[in-house]
>>> print(open('entry-v6.txt').read())   # compact mmCIF, C-alpha atoms
# COMPACT_ATOMS: atom_id res chain seq x y z
CA MET A 1 219.79 -113.67 116.71
CA LYS A 2 216.54 -114.81 115.13
CA ILE A 3 215.45 -114.85 111.48
CA ILE A 4 211.85 -114.80 110.27
CA ILE A 5 211.08 -115.12 106.56
CA PHE A 6 207.71 -114.30 104.99
CA GLN A 7 206.48 -115.35 101.57
CA ASN A 8 203.81 -112.65 101.64
CA LEU A 9 204.93 -109.02 102.01
CA GLU A 10 201.62 -107.95 103.54
CA ASN A 11 202.08 -110.51 106.31
CA LEU A 12 205.57 -109.19 106.90
CA GLN A 13 204.20 -105.67 107.33
CA ARG A 14 201.44 -106.84 109.63
CA PHE A 15 203.97 -108.73 111.72
CA CYS A 16 206.07 -105.58 112.10
CA ALA A 17 203.05 -103.53 113.09
CA ASN A 18 201.99 -106.14 115.62
CA GLN A 19 205.36 -105.90 117.32
CA PHE A 20 204.61 -102.27 118.14
CA ILE A 21 201.04 -103.00 119.11
CA GLU A 22 202.04 -105.79 121.50
CA GLU A 23 204.59 -103.53 123.17
CA VAL A 24 201.90 -100.91 123.78
CA LYS A 25 199.51 -103.55 125.11
CA LYS A 26 202.14 -104.68 127.59
CA ASN A 27 203.02 -101.15 128.65
CA THR A 28 201.13 -98.04 127.54
CA LYS A 29 204.11 -95.93 128.57
CA CYS A 30 206.64 -97.90 126.55
CA LYS A 31 209.22 -96.10 124.43
CA LEU A 32 209.21 -96.99 120.76
CA GLY A 33 211.70 -96.24 117.99
CA PHE A 34 210.46 -95.77 114.43
CA ALA A 35 212.13 -95.67 111.03
CA THR A 36 211.21 -93.46 108.08
CA GLY A 37 211.51 -94.05 104.36
CA VAL A 38 209.51 -96.39 102.14
CA SER A 39 209.93 -99.70 103.99
CA PRO A 40 207.76 -99.11 107.09
CA ILE A 41 204.89 -97.10 105.58
CA GLU A 42 202.56 -100.06 105.09
CA ALA A 43 203.29 -101.31 108.61
CA TYR A 44 202.39 -97.93 110.06
CA LYS A 45 198.89 -98.24 108.63
CA TYR A 46 198.27 -101.03 111.14
CA ILE A 47 199.67 -99.35 114.21
CA ILE A 48 197.23 -98.16 116.90
CA GLU A 49 199.24 -96.25 119.50
CA ASP A 50 202.89 -95.46 120.13
CA TYR A 51 205.64 -93.02 121.01
CA LYS A 52 208.43 -91.82 118.72
CA ILE A 53 212.26 -91.70 118.64
CA ASN A 54 214.10 -91.48 115.26
CA ASP A 55 216.81 -89.93 112.99
CA GLU A 56 216.62 -86.66 111.05
CA PHE A 57 218.17 -85.04 107.98
CA VAL A 58 220.22 -81.88 108.46
CA GLY A 59 219.42 -78.55 106.85
CA ILE A 60 215.99 -79.15 105.32
CA SER A 61 212.67 -77.60 106.26
CA PRO A 62 210.61 -79.54 108.82
CA ASN A 63 207.73 -79.13 106.35
CA HIS A 64 209.62 -80.84 103.51
CA PRO A 65 207.77 -84.07 102.58
CA GLN A 66 210.92 -86.09 103.34
CA ALA A 67 211.78 -84.44 106.66
CA PHE A 68 211.45 -87.24 109.20
CA ILE A 69 209.11 -85.30 111.46
CA LYS A 70 206.88 -84.54 108.45
CA GLN A 71 206.90 -88.20 107.35
CA MET A 72 205.97 -89.43 110.80
CA LYS A 73 203.19 -86.86 111.21
CA ASP A 74 201.70 -87.65 107.80
CA ASN A 75 202.05 -91.44 108.03
CA LEU A 76 201.25 -91.97 111.70
CA PHE A 77 201.22 -89.31 114.38
CA ASP A 78 198.50 -87.05 112.96
CA GLN A 79 196.22 -90.05 112.57
CA ILE A 80 196.47 -91.41 116.11
CA ASP A 81 196.10 -90.15 119.64
CA ILE A 82 199.61 -89.21 120.69
CA GLU A 83 200.68 -86.13 122.59
CA PRO A 84 203.40 -83.96 120.99
CA LYS A 85 205.35 -83.99 124.25
CA ASN A 86 205.86 -87.73 123.76
CA ILE A 87 207.50 -87.34 120.34
CA PHE A 88 211.28 -86.99 120.30
CA ILE A 89 213.03 -86.23 117.03
CA PRO A 90 216.08 -84.11 116.19
CA ASN A 91 215.62 -80.57 114.93
CA CYS A 92 216.53 -80.66 111.23
CA GLN A 93 217.23 -76.92 111.21
CA ALA A 94 219.36 -76.72 114.33
CA LYS A 95 222.16 -74.16 113.96
CA ASP A 96 224.61 -76.57 115.58
CA ALA A 97 223.85 -80.07 114.23
CA ILE A 98 226.59 -81.71 116.29
CA GLN A 99 225.19 -80.27 119.51
CA GLU A 100 221.69 -81.32 118.44
CA ALA A 101 222.96 -84.89 117.98
CA ASN A 102 224.54 -84.82 121.43
CA ASP A 103 221.34 -83.45 122.97
CA TYR A 104 219.34 -86.18 121.28
CA GLU A 105 221.63 -88.88 122.65
CA ASN A 106 221.16 -87.39 126.11
CA LYS A 107 217.38 -87.48 125.66
CA ILE A 108 217.58 -91.18 124.83
CA LYS A 109 219.64 -91.78 127.96
CA GLU A 110 217.24 -89.68 130.03
CA HIS A 111 214.03 -91.31 128.80
CA GLY A 112 215.39 -94.70 127.74
CA PRO A 113 216.12 -97.41 127.21
CA ILE A 114 213.90 -97.77 124.17
CA ASP A 115 211.61 -100.78 124.57
CA PHE A 116 211.29 -101.61 120.88
CA GLN A 117 213.12 -100.28 117.81
CA TYR A 118 212.23 -100.76 114.14
CA ILE A 119 215.13 -100.51 111.69
CA SER A 120 215.12 -101.08 107.93
CA LEU A 121 218.15 -102.13 105.90
CA GLY A 122 219.75 -99.50 103.69
CA ILE A 123 220.69 -100.22 100.09
CA ASN A 124 224.39 -100.36 101.00
CA GLY A 125 223.92 -102.21 104.28
CA HIS A 126 223.56 -99.20 106.55
CA MET A 127 221.31 -99.23 109.61
CA ALA A 128 219.76 -95.89 110.50
CA TYR A 129 222.25 -93.65 108.65
CA ASN A 130 225.37 -95.38 109.86
CA GLU A 131 226.98 -95.51 106.45
CA PRO A 132 229.78 -97.94 105.48
CA GLY A 133 232.92 -97.09 107.42
CA THR A 134 231.10 -95.73 110.48
CA ALA A 135 233.09 -96.40 113.62
CA PHE A 136 231.74 -99.09 115.93
CA GLU A 137 232.09 -96.75 118.93
CA THR A 138 229.67 -94.09 117.61
CA PHE A 139 226.66 -92.76 119.49
CA THR A 140 224.09 -90.35 118.00
CA HIS A 141 226.01 -88.21 115.54
CA VAL A 142 225.92 -86.25 112.30
CA ALA A 143 226.48 -88.69 109.43
CA LYS A 144 227.72 -87.78 105.96
CA LEU A 145 225.52 -89.58 103.44
CA THR A 146 227.25 -91.63 100.76
CA GLU A 147 226.68 -91.04 97.06
CA GLU A 148 224.96 -94.42 96.85
CA THR A 149 222.45 -93.46 99.55
CA ILE A 150 221.77 -90.07 97.96
CA LEU A 151 221.27 -91.60 94.50
CA ASP A 152 218.92 -94.18 96.03
CA MET A 153 216.83 -91.44 97.66
CA VAL A 154 216.57 -89.59 94.34
CA ALA A 155 215.73 -92.81 92.48
CA LYS A 156 212.90 -93.44 94.95
CA LYS A 157 211.73 -89.85 94.28
CA LYS A 158 212.18 -88.84 97.90
CA PHE A 159 213.99 -85.82 96.48
CA SER A 160 213.69 -84.44 92.96
CA SER A 161 217.40 -84.01 92.30
CA LEU A 162 220.89 -84.43 93.72
CA GLU A 163 220.93 -80.72 94.46
CA GLU A 164 217.78 -80.94 96.58
CA SER A 165 218.89 -84.03 98.49
CA PRO A 166 220.46 -83.54 101.93
CA THR A 167 224.07 -84.57 102.35
CA HIS A 168 224.01 -85.23 106.12
CA ALA A 169 221.66 -86.74 108.69
CA ILE A 170 221.48 -86.90 112.47
CA THR A 171 221.30 -90.58 113.31
CA MET A 172 221.46 -92.93 116.23
CA GLY A 173 224.96 -94.41 116.30
CA ILE A 174 225.94 -98.05 116.39
CA GLN A 175 226.44 -98.04 120.15
CA THR A 176 223.10 -96.25 120.63
CA LEU A 177 221.31 -98.94 118.64
CA LEU A 178 223.07 -101.79 120.40
CA LYS A 179 222.93 -100.49 123.96
CA SER A 180 219.84 -98.28 124.19
CA ASN A 181 217.27 -100.64 122.69
CA LYS A 182 215.84 -103.62 124.56
CA LYS A 183 214.39 -105.24 121.45
CA VAL A 184 215.09 -104.64 117.76
CA ILE A 185 213.69 -105.81 114.44
CA MET A 186 215.71 -105.31 111.28
CA VAL A 187 213.49 -105.40 108.19
CA SER A 188 214.68 -106.17 104.66
CA TYR A 189 212.62 -107.03 101.60
CA GLY A 190 213.08 -107.12 97.85
CA ALA A 191 215.56 -108.86 95.56
CA GLN A 192 217.66 -105.69 95.31
CA LYS A 193 218.67 -106.21 98.93
CA ALA A 194 219.39 -109.96 98.74
CA GLN A 195 223.17 -109.69 98.63
CA VAL A 196 223.47 -107.09 101.37
CA THR A 197 220.99 -109.08 103.49
CA LYS A 198 223.25 -112.11 103.17
CA GLU A 199 226.26 -110.03 104.23
CA MET A 200 224.34 -108.53 107.15
CA ILE A 201 223.45 -111.96 108.57
CA GLU A 202 226.31 -114.22 107.51
CA ALA A 203 229.42 -112.03 107.47
CA LYS A 204 231.30 -111.26 110.66
CA PRO A 205 230.13 -107.93 112.12
CA ASN A 206 231.98 -105.21 110.21
CA SER A 207 231.91 -101.50 109.42
CA LEU A 208 231.34 -101.96 105.68
CA VAL A 209 227.87 -103.40 106.37
CA THR A 210 227.00 -101.65 109.60
CA ALA A 211 223.72 -103.57 109.95
CA SER A 212 225.85 -106.67 110.56
CA TYR A 213 226.60 -105.29 114.03
CA LEU A 214 223.04 -106.23 114.98
CA GLN A 215 224.31 -109.81 115.26
CA LEU A 216 225.78 -108.57 118.55
CA HIS A 217 222.45 -107.36 119.91
CA SER A 218 220.97 -109.57 122.62
CA ASN A 219 217.43 -109.42 121.24
CA CYS A 220 217.36 -108.75 117.50
CA THR A 221 215.07 -110.38 114.95
CA PHE A 222 215.81 -110.14 111.23
CA VAL A 223 212.47 -109.91 109.40
CA LEU A 224 212.79 -110.76 105.70
CA ASP A 225 210.72 -111.58 102.67
CA ALA A 226 211.65 -114.49 100.40
CA ALA A 227 213.35 -112.25 97.83
CA ALA A 228 215.65 -110.61 100.37
CA ALA A 229 216.42 -114.01 101.88
CA SER A 230 217.10 -115.68 98.52
CA LYS A 231 220.91 -115.65 98.88
CA LEU A 232 221.10 -116.92 102.45
CA SER A 233 223.03 -120.16 102.79
CA GLN A 234 221.30 -123.43 103.48
CA GLU A 235 223.16 -123.58 106.78
CA THR A 236 221.63 -120.27 107.86
CA LEU A 237 218.16 -121.41 106.84
CA ALA A 238 218.58 -124.71 108.63
CA LYS A 239 219.54 -122.99 111.86
CA GLU A 240 216.32 -121.00 111.72
CA PHE A 241 214.32 -124.18 112.18
CA ASN A 242 216.76 -125.83 114.58
CA MET A 243 217.32 -128.82 112.32
CA LYS A 244 220.20 -129.93 114.52
CA ASN A 245 217.60 -131.17 116.99
CA LEU A 246 216.25 -133.71 114.51
CA LYS A 247 217.27 -137.30 115.21
CA ASN A 248 217.24 -138.18 111.53
CA LYS A 249 219.33 -135.57 109.74
CA ASN A 250 218.17 -136.77 106.30
CA THR A 251 214.46 -136.36 107.06
CA PHE A 252 212.77 -133.23 105.88
CA LEU A 253 209.35 -131.75 105.18
CA THR A 254 208.31 -130.59 101.75
CA GLN A 255 205.01 -130.14 99.96
CA ASN A 256 203.60 -132.10 97.03
CA THR A 257 201.39 -130.70 94.28
CA SER A 258 198.27 -131.16 96.42
CA LYS A 259 199.87 -128.97 99.13
CA THR A 260 199.62 -131.83 101.62
CA PRO A 261 202.69 -132.18 103.88
CA ASN A 262 204.70 -135.37 103.44
CA TYR A 263 207.43 -137.03 105.46
CA LEU A 264 210.31 -137.77 103.11
CA ASN A 265 213.65 -139.49 103.50
CA VAL A 266 215.86 -137.46 101.20
CA THR A 267 219.47 -137.13 100.19
CA PRO A 268 221.36 -133.87 100.81
CA GLU A 269 220.94 -133.03 97.10
CA ILE A 270 217.16 -133.39 97.27
CA LEU A 271 217.12 -131.52 100.56
CA LYS A 272 218.81 -128.56 98.91
CA THR A 273 216.18 -128.55 96.17
CA TYR A 274 213.31 -128.23 98.64
CA LEU A 275 214.80 -125.91 101.24
CA ASP A 276 213.76 -122.63 99.66
CA GLU A 277 210.07 -123.43 99.33
CA CYS A 278 209.75 -124.71 102.87
CA PHE A 279 211.78 -122.11 104.69
CA TYR A 280 210.45 -119.15 102.76
CA ASN A 281 206.85 -120.07 103.40
CA HIS A 282 206.62 -118.50 106.84
CA ASP A 283 202.84 -118.39 106.43
CA LYS A 284 202.98 -122.16 107.18
CA LYS A 285 205.66 -121.83 109.85
CA ASP A 286 203.47 -123.36 112.58
CA LEU A 287 202.73 -126.38 110.39
CA ILE A 288 206.40 -126.84 109.51
CA GLU A 289 207.56 -126.57 113.11
CA LYS A 290 204.87 -129.00 114.28
CA THR A 291 205.97 -131.48 111.63
CA PHE A 292 209.60 -131.10 112.68
CA ARG A 293 208.65 -131.88 116.27
CA GLU A 294 206.87 -135.02 115.11
CA LEU A 295 209.88 -136.00 113.02
CA GLY A 296 212.09 -135.61 116.04
CA LYS A 297 210.07 -138.24 117.90
CA LYS A 298 210.59 -140.83 115.18
>>> encode(input="entry-v6.txt", output="structure tokens")
Amino acid sequence: MKIIIFQNLENLQRFCANQFIEEVKKNTKCKLGFATGVSPIEAYKYIIEDYKINDEFVGISPNHPQAFIKQMKDNLFDQIDIEPKNIFIPNCQAKDAIQEANDYENKIKEHGPIDFQYISLGINGHMAYNEPGTAFETFTHVAKLTEETILDMVAKKKFSSLEESPTHAITMGIQTLLKSNKKVIMVSYGAQKAQVTKEMIEAKPNSLVTASYLQLHSNCTFVLDAAAASKLSQETLAKEFNMKNLKNKNTFLTQNTSKTPNYLNVTPEILKTYLDECFYNHDKKDLIEKTFRELGKK
């Protein structure tokens, strides 16, 4: 498990986009998994070329602005060179949604594994639409959306009313996400997600915060902004920069008013004061890590 924290949201989005771009550069036939919703839209503006595998609502028109296929076409696919035959997404108007979910899982197995998967954190800790209480053993399935998720979609004006909002979605299951994806990024930003971000990373994997199961993935990176990371413990933040490797446990890097790095011998109380600024400023991550290496030689 790896954690990356950005002070600047634009840099976070560019980082996410670059993950896709690098995968395509390595292999033009790679299989990529995208998310819909608000979180990834800015990242998609930076993406050059990719394939598509994702979730889908049940029972809404494929031309509805919030239908996943419509979102992906508007925000990405119609603006890049990608052949329709290389886009895989469930049919939101399938007569038998359960069979459609099963067929989609089989497509993943047939064409997979997925080389790189983008996931964003739901307001109640869900990943994809694996709502709280989803069984750990699930593969692609029809999920019943919780009231909290539906209210969040209406609040974000994805749907105009509770009556218009879908109540179910076809989604990759927990086992699908863990076993059918070589590499995953889980993206969370904003203060409204700080508590659930903490639970996702620091709690034991559990069904109440299904995103916490990503701790079990062999190659998952949690990509956060400072607001979403604001409730992480100091221990979690320290692990991100491998502070255990430092010879002097009371030595730490901070920044003075002139923004010039200093080597300081500090007490644990002072250390706690400065942790947030240093760890959250991922834009200076290279500088911080270089300084830590120098400290380790002293």
>>> atom_distance(input="entry-v6.txt", atom1="atom CA of A:Glu164", atom2="atom CA of A:Ser207")
28.1 Å
>>> residues_near_point(input="entry-v6.txt", point="(211.6, -98.1, 105.8)", cutoff="12 Å", atoms="only C-alpha atoms", output="ChimeraX atom specification")
/A:13,16,34-44,54,68,71-72,75,118-123,127-129,153,156,185-189
>>> residues_around(input="entry-v6.txt", residues="A:Ala211", least_positions_apart="4", cutoff="6 Å", atoms="all atoms listed in the file", output="number ranges by chain")
A: 125-127, 200
>>> atom_distance(input="entry-v6.txt", atom1="atom CA of A:Gln7", atom2="atom CA of A:Val196")
18.9 Å
>>> closest_residue(input="entry-v6.txt", among="A:Lys45, A:His217, A:Lys95, A:Lys109", to="A:Glu10", atoms="only C-alpha atoms")
A:Lys45
>>> closest_residue(input="entry-v6.txt", among="A:Asn181, A:Thr210, A:Gln66, A:Asn86", to="A:Glu137", atoms="all atoms listed in the file")
A:Thr210
